[in-house]
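First comes the structure, then the notes that go with it.
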Amino acid sequence: MSEIYWVSHSRLLREVSISGWLVNVGPLRVGSGREAALGSSVDLAVIRIRIGDKSVPYIPGSSLKGVYRTVATQLARSKGLSVCSGLAKETCMDWEIPQHGSVTLLQLVQEHLSNRESLQAVRYFYDYACLMCKVFGAPSYTGNVVFEDAYPINEKGEVMEVRTGIRTGIAINRRTGSVHERSLYQVEYVEPGARFRFKMRATNLPNYALGLLAKAIRMMNDGWVKVGGFKTRGFGEVRLEGLEFFAWGPTVSGSKLLAVKYPEKEPDKEVDLTGVAEARNGGIYASGEKAWKVLEKLEEVWDSAKFG
């Protein structure tokens with residue numbers, strides 16, 4: 001039997017979805033760029049998408065992924081792990097591998113892929129890429145977690161009401177500390193109380209990596225992690241309501257999330273969800289407070305995991 005690595009997408013080990021509603025407690029601004037849209041009455045508009053006959057604000061999945069990767073990076077470093085920033089030209093794929101003639105990891109992986117040596121390419125990626133690249137992705141590698149765009153729609157796909165407001169700001173010259181001439185600008189934001197459908201899907205992640213994401217989710221729900229721009233001005237605080245957890249696949253057995261040890265040196269642990277999650281649709285499901293309890297148990301695996 002050929003070797004299996006959880007970073008490989010060639011075999012399904014487990015699918016996990018975490019969903020709910022992101023509700024902004026304070027003003028929320030996810031912008032569409034510095035240039036105002038044609039006909040816009042403000043300088044900095046929120047990003048919108050057309051659903052049916054309505055143009056509504058939404059939160060791109062890429063924005064959510066960026067937020068979670070940043071938080072996860074900080075948590076991993078606080079645990080002593082060496083992880084890259086994930087920024088362009090600063091990922092693990094851009095690092096040179098002296099043991100292989102000072103080529104980059106990207107060159108090494110692509111060379112073996114071009115020679116149809118996919119297992120060797122996966123093996124090198126697993127050995128030399130950091131945990132953040134394995135979970136969230138890197139150049140030439142699709143990550144194991146996906147954040148869907150968060151739209152203001154209900155279970156029936158109907159658009160929910162989203163109110164926006166406009167705040168006038170003043171730009172300050174950082175060098176002099178004084179107000180810039182002609183420095184007034186108008187910022188559009190989503191007023192508190194809007195509800196955006198949230199869904200995160202994770203494939204093949206070990207329990208400790210799910211625990212890392214769970215900790216980031218809890219930190220967001222507790223107000224430590226904010227979404228969008230103007231965070232230092234009080235924007236971006238959100239809560240996650242109606243939390244749901246669902247897992248299925250070969251490493252889900254009864255009420256347990258089995259440890260994912262592919263390869264065997266993985267520092268993963270089994271999670272017993274007896275009395276917390278229930279059997280449903282060929283997997284295990286929890287909602288509300290029980291879903292938060294699932295995330296708590298996964299966090300414990302991350303907190304206790306020992307690497308290298």
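Each chain in the structure tokens gets a letter, A, B and so on, in the order shown; residues start at 1 in every chain, and ligands are counted from 1 in the order they appear.
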
Close residues, Ser63 (chain A) itself excluded, 12 Å, only C-alpha atoms, min 6 positions apart in chain, as a list in words: Arg29, Val30, Gly31, Ser32, Ile47, Arg69, Thr70, Val146, Phe147, Glu148, Asp149, Ala150, Lys226, Val227, Gly228 and Gly229 of chain A

Would you return as an MDAnalysis selection string the members of region 127-247 of chain A that DSSP assigns to helix (DSSP H, G or I) on this structure's backbone? chainID A and resid 127:128 131:136 207:221 231:233

Would you put the residues from that selection into a file with N, CA and C atoms, as a PDB file, in the first residue's frame?
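part_25.pdb was written with the following content:
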ATOM      1  N   ASP A 127       7.457  17.557   4.353  1.00  0.00           N
ATOM      2  CA  ASP A 127       8.685  17.682   5.157  1.00  0.00           C
ATOM      3  C   ASP A 127       9.146  19.120   5.329  1.00  0.00           C
ATOM      4  N   TYR A 128       8.958  19.957   4.300  1.00  0.00           N
ATOM      5  CA  TYR A 128       9.568  21.284   4.320  1.00  0.00           C
ATOM      6  C   TYR A 128       8.590  22.447   4.458  1.00  0.00           C
ATOM      7  N   LEU A 131       3.164  24.472   8.962  1.00  0.00           N
ATOM      8  CA  LEU A 131       1.787  24.075   9.233  1.00  0.00           C
ATOM      9  C   LEU A 131       0.797  25.020   8.562  1.00  0.00           C
ATOM     10  N   MET A 132       1.118  26.315   8.512  1.00  0.00           N
ATOM     11  CA  MET A 132       0.186  27.270   7.904  1.00  0.00           C
ATOM     12  C   MET A 132       0.006  26.998   6.410  1.00  0.00           C
ATOM     13  N   CYS A 133       1.093  26.672   5.723  1.00  0.00           N
ATOM     14  CA  CYS A 133       0.994  26.360   4.293  1.00  0.00           C
ATOM     15  C   CYS A 133       0.226  25.067   4.075  1.00  0.00           C
ATOM     16  N   LYS A 134       0.393  24.108   4.971  1.00  0.00           N
ATOM     17  CA  LYS A 134      -0.327  22.845   4.849  1.00  0.00           C
ATOM     18  C   LYS A 134      -1.828  23.046   5.050  1.00  0.00           C
ATOM     19  N   VAL A 135      -2.190  23.884   6.000  1.00  0.00           N
ATOM     20  CA  VAL A 135      -3.607  24.089   6.308  1.00  0.00           C
ATOM     21  C   VAL A 135      -4.267  25.039   5.324  1.00  0.00           C
ATOM     22  N   PHE A 136      -3.640  26.208   5.092  1.00  0.00           N
ATOM     23  CA  PHE A 136      -4.287  27.268   4.324  1.00  0.00           C
ATOM     24  C   PHE A 136      -3.876  27.306   2.847  1.00  0.00           C
ATOM     25  N   ASN A 207      -6.903  16.470  14.130  1.00  0.00           N
ATOM     26  CA  ASN A 207      -7.682  17.126  15.184  1.00  0.00           C
ATOM     27  C   ASN A 207      -6.973  18.339  15.767  1.00  0.00           C
ATOM     28  N   TYR A 208      -5.642  18.287  15.860  1.00  0.00           N
ATOM     29  CA  TYR A 208      -4.932  19.442  16.421  1.00  0.00           C
ATOM     30  C   TYR A 208      -5.038  20.653  15.520  1.00  0.00           C
ATOM     31  N   ALA A 209      -5.060  20.434  14.187  1.00  0.00           N
ATOM     32  CA  ALA A 209      -5.215  21.555  13.261  1.00  0.00           C
ATOM     33  C   ALA A 209      -6.634  22.102  13.304  1.00  0.00           C
ATOM     34  N   LEU A 210      -7.615  21.208  13.457  1.00  0.00           N
ATOM     35  CA  LEU A 210      -8.989  21.662  13.672  1.00  0.00           C
ATOM     36  C   LEU A 210      -9.075  22.457  14.968  1.00  0.00           C
ATOM     37  N   GLY A 211      -8.316  22.026  15.967  1.00  0.00           N
ATOM     38  CA  GLY A 211      -8.291  22.742  17.240  1.00  0.00           C
ATOM     39  C   GLY A 211      -7.702  24.128  17.108  1.00  0.00           C
ATOM     40  N   LEU A 212      -6.711  24.276  16.250  1.00  0.00           N
ATOM     41  CA  LEU A 212      -6.129  25.593  15.987  1.00  0.00           C
ATOM     42  C   LEU A 212      -7.186  26.515  15.386  1.00  0.00           C
ATOM     43  N   LEU A 213      -7.940  26.011  14.420  1.00  0.00           N
ATOM     44  CA  LEU A 213      -9.017  26.804  13.819  1.00  0.00           C
ATOM     45  C   LEU A 213     -10.116  27.088  14.847  1.00  0.00           C
ATOM     46  N   ALA A 214     -10.412  26.111  15.684  1.00  0.00           N
ATOM     47  CA  ALA A 214     -11.439  26.293  16.706  1.00  0.00           C
ATOM     48  C   ALA A 214     -11.061  27.410  17.672  1.00  0.00           C
ATOM     49  N   LYS A 215      -9.791  27.462  18.041  1.00  0.00           N
ATOM     50  CA  LYS A 215      -9.327  28.524  18.944  1.00  0.00           C
ATOM     51  C   LYS A 215      -9.474  29.893  18.280  1.00  0.00           C
ATOM     52  N   ALA A 216      -9.149  29.976  16.990  1.00  0.00           N
ATOM     53  CA  ALA A 216      -9.294  31.237  16.267  1.00  0.00           C
ATOM     54  C   ALA A 216     -10.765  31.648  16.193  1.00  0.00           C
ATOM     55  N   ILE A 217     -11.660  30.682  15.984  1.00  0.00           N
ATOM     56  CA  ILE A 217     -13.092  30.975  15.947  1.00  0.00           C
ATOM     57  C   ILE A 217     -13.560  31.522  17.298  1.00  0.00           C
ATOM     58  N   ARG A 218     -13.132  30.878  18.375  1.00  0.00           N
ATOM     59  CA  ARG A 218     -13.537  31.349  19.701  1.00  0.00           C
ATOM     60  C   ARG A 218     -12.995  32.742  19.983  1.00  0.00           C
ATOM     61  N   MET A 219     -11.751  33.005  19.585  1.00  0.00           N
ATOM     62  CA  MET A 219     -11.168  34.327  19.799  1.00  0.00           C
ATOM     63  C   MET A 219     -11.950  35.400  19.042  1.00  0.00           C
ATOM     64  N   MET A 220     -12.418  35.061  17.838  1.00  0.00           N
ATOM     65  CA  MET A 220     -13.250  36.002  17.083  1.00  0.00           C
ATOM     66  C   MET A 220     -14.566  36.231  17.819  1.00  0.00           C
ATOM     67  N   ASN A 221     -15.170  35.154  18.297  1.00  0.00           N
ATOM     68  CA  ASN A 221     -16.450  35.273  18.986  1.00  0.00           C
ATOM     69  C   ASN A 221     -16.322  36.063  20.285  1.00  0.00           C
ATOM     70  N   LYS A 231     -10.096  48.618  12.030  1.00  0.00           N
ATOM     71  CA  LYS A 231     -10.194  47.912  13.310  1.00  0.00           C
ATOM     72  C   LYS A 231      -9.796  48.799  14.479  1.00  0.00           C
ATOM     73  N   THR A 232      -8.777  49.648  14.288  1.00  0.00           N
ATOM     74  CA  THR A 232      -8.318  50.500  15.380  1.00  0.00           C
ATOM     75  C   THR A 232      -9.312  51.611  15.684  1.00  0.00           C
ATOM     76  N   ARG A 233     -10.322  51.757  14.848  1.00  0.00           N
ATOM     77  CA  ARG A 233     -11.353  52.777  15.075  1.00  0.00           C
ATOM     78  C   ARG A 233     -12.654  52.161  15.568  1.00  0.00           C
TER      79      ARG A 233
END

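Ranking A:Val238, A:Met200, A:Val71, A:Leu119 by their shortest atom-to-atom distance to Leu28 (chain A), with only C-alpha atoms included, puts A:Val238 first.
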
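Here the question is which of A:Val145, A:Ala72, A:Ile284, A:Ala121 gets nearest to Cys84 (chain A) using only C-alpha atoms, and that residue is A:Ala72.
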
Got a sec: who's within 12 Å of Tyr141 (chain A), counting only C-alpha atoms, leaving out chain neighbours fewer than 2 positions off, as an NGL selection string? :A and (7-9 or 91-93 or 105-106 or 109-110 or 113 or 121-122 or 125-126 or 129 or 132-139 or 143-145)

Determine the nearest neighbour of Tyr151 (chain A) from the options A:Ile49, A:Ala88, A:Val103, A:Val190, counting only C-alpha atoms. A:Ile49

Fewer than 5 positions away in the same chain doesn't count, so skip those; otherwise give me all residues within 12 Å of Phe230 (chain A), counting only C-alpha atoms, as a PyMOL selection string. chain A and resi 26-31+44+167+169+187-189+235-237

Just write the chosen residues, C-alpha atoms, as a PDB file, in the first residue's frame.
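Output (result08.pdb):
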ATOM      1  CA  GLY A  26     -20.055  47.096  15.855  1.00  0.00           C
ATOM      2  CA  PRO A  27     -19.676  48.830  12.485  1.00  0.00           C
ATOM      3  CA  LEU A  28     -18.257  46.514   9.812  1.00  0.00           C
ATOM      4  CA  ARG A  29     -16.317  47.596   6.772  1.00  0.00           C
ATOM      5  CA  VAL A  30     -14.994  45.217   4.137  1.00  0.00           C
ATOM      6  CA  GLY A  31     -13.921  47.557   1.374  1.00  0.00           C
ATOM      7  CA  LEU A  44     -14.583  54.328   0.520  1.00  0.00           C
ATOM      8  CA  ARG A 167     -18.924  58.103   8.697  1.00  0.00           C
ATOM      9  CA  GLY A 169     -13.088  60.750   8.781  1.00  0.00           C
ATOM     10  CA  VAL A 187     -16.451  55.787   4.732  1.00  0.00           C
ATOM     11  CA  GLU A 188     -19.393  53.468   4.170  1.00  0.00           C
ATOM     12  CA  TYR A 189     -19.943  50.704   6.734  1.00  0.00           C
ATOM     13  CA  PHE A 235     -14.880  48.493  13.487  1.00  0.00           C
ATOM     14  CA  GLY A 236     -15.068  44.765  12.788  1.00  0.00           C
ATOM     15  CA  GLU A 237     -16.281  43.078  15.982  1.00  0.00           C
TER      16      GLU A 237
END

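Ranking A:Tyr5, A:Ile18, A:Gly80, A:Tyr285 by their shortest atom-to-atom distance to Gln120 (chain A), with only C-alpha atoms included, puts A:Tyr5 first.
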
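CA of Glu15 (chain A) sits 25.0 Å away from CA of Pro152 (chain A).
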
Write out as JSON, numbers by chain the residues lying within 8 Å of Glu289 (chain A), counting only C-alpha atoms and excluding same-chain residues fewer than 3 positions away. {"A": [243, 292, 293]}

With N, CA and C atoms kept, could you save the residues just selected as a CSV table (one decimal), in the first residue's frame?
chain,number,residue,atom,x,y,z
A,243,LEU,N,-24.2,28.2,15.8
A,243,LEU,CA,-23.1,27.4,15.4
A,243,LEU,C,-23.5,25.9,15.1
A,292,TRP,N,-20.2,24.3,20.4
A,292,TRP,CA,-19.1,25.0,21.0
A,292,TRP,C,-18.3,24.1,21.9
A,293,LYS,N,-19.0,23.1,22.5
A,293,LYS,CA,-18.2,22.1,23.3
A,293,LYS,C,-17.3,21.2,22.4

Which is closest to Trp302 (chain A) among A:Val252, A:Val225, A:Ala76, A:Ile166, if we use only C-alpha atoms? A:Ala76

What separates CA of Cys130 (chain A) and CA of Val83 (chain A) is a distance of 5.2 Å

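As for CA of Asp303 (chain A) and CA of Glu270 (chain A), they are spaced 13.7 Å apart.
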
Near Leu240 (chain A), within 8 Å and counting only C-alpha atoms, which residues show up once chain neighbours fewer than 4 positions away are dropped, as a list of chain:residue names? A:Gly20, A:Trp21, A:Leu22, A:Val23, A:Asn221

Same residues, N, CA and C atoms, output as a short mmCIF file (atom, residue, chain, number, x, y, z; two decimals), in the first residue's frame:
data_model
loop_
_atom_site.label_atom_id
_atom_site.label_comp_id
_atom_site.auth_asym_id
_atom_site.auth_seq_id
_atom_site.Cartn_x
_atom_site.Cartn_y
_atom_site.Cartn_z
N GLY A 20 -22.59 28.86 10.62
CA GLY A 20 -23.39 29.68 11.53
C GLY A 20 -23.67 31.02 10.88
N TRP A 21 -23.87 32.02 11.72
CA TRP A 21 -24.16 33.37 11.23
C TRP A 21 -23.19 34.34 11.86
N LEU A 22 -22.46 35.07 11.04
CA LEU A 22 -21.61 36.15 11.54
C LEU A 22 -22.49 37.38 11.72
N VAL A 23 -22.58 37.86 12.95
CA VAL A 23 -23.40 39.03 13.26
C VAL A 23 -22.47 40.12 13.77
N ASN A 221 -15.17 35.15 18.30
CA ASN A 221 -16.45 35.27 18.99
C ASN A 221 -16.32 36.06 20.28
#

Could you pull out the residues in region 102-148 of chain A that DSSP calls strand (DSSP E or B) from the backbone, as a ChimeraX atom specification? /A:103-104,137-138,141-142,145-147
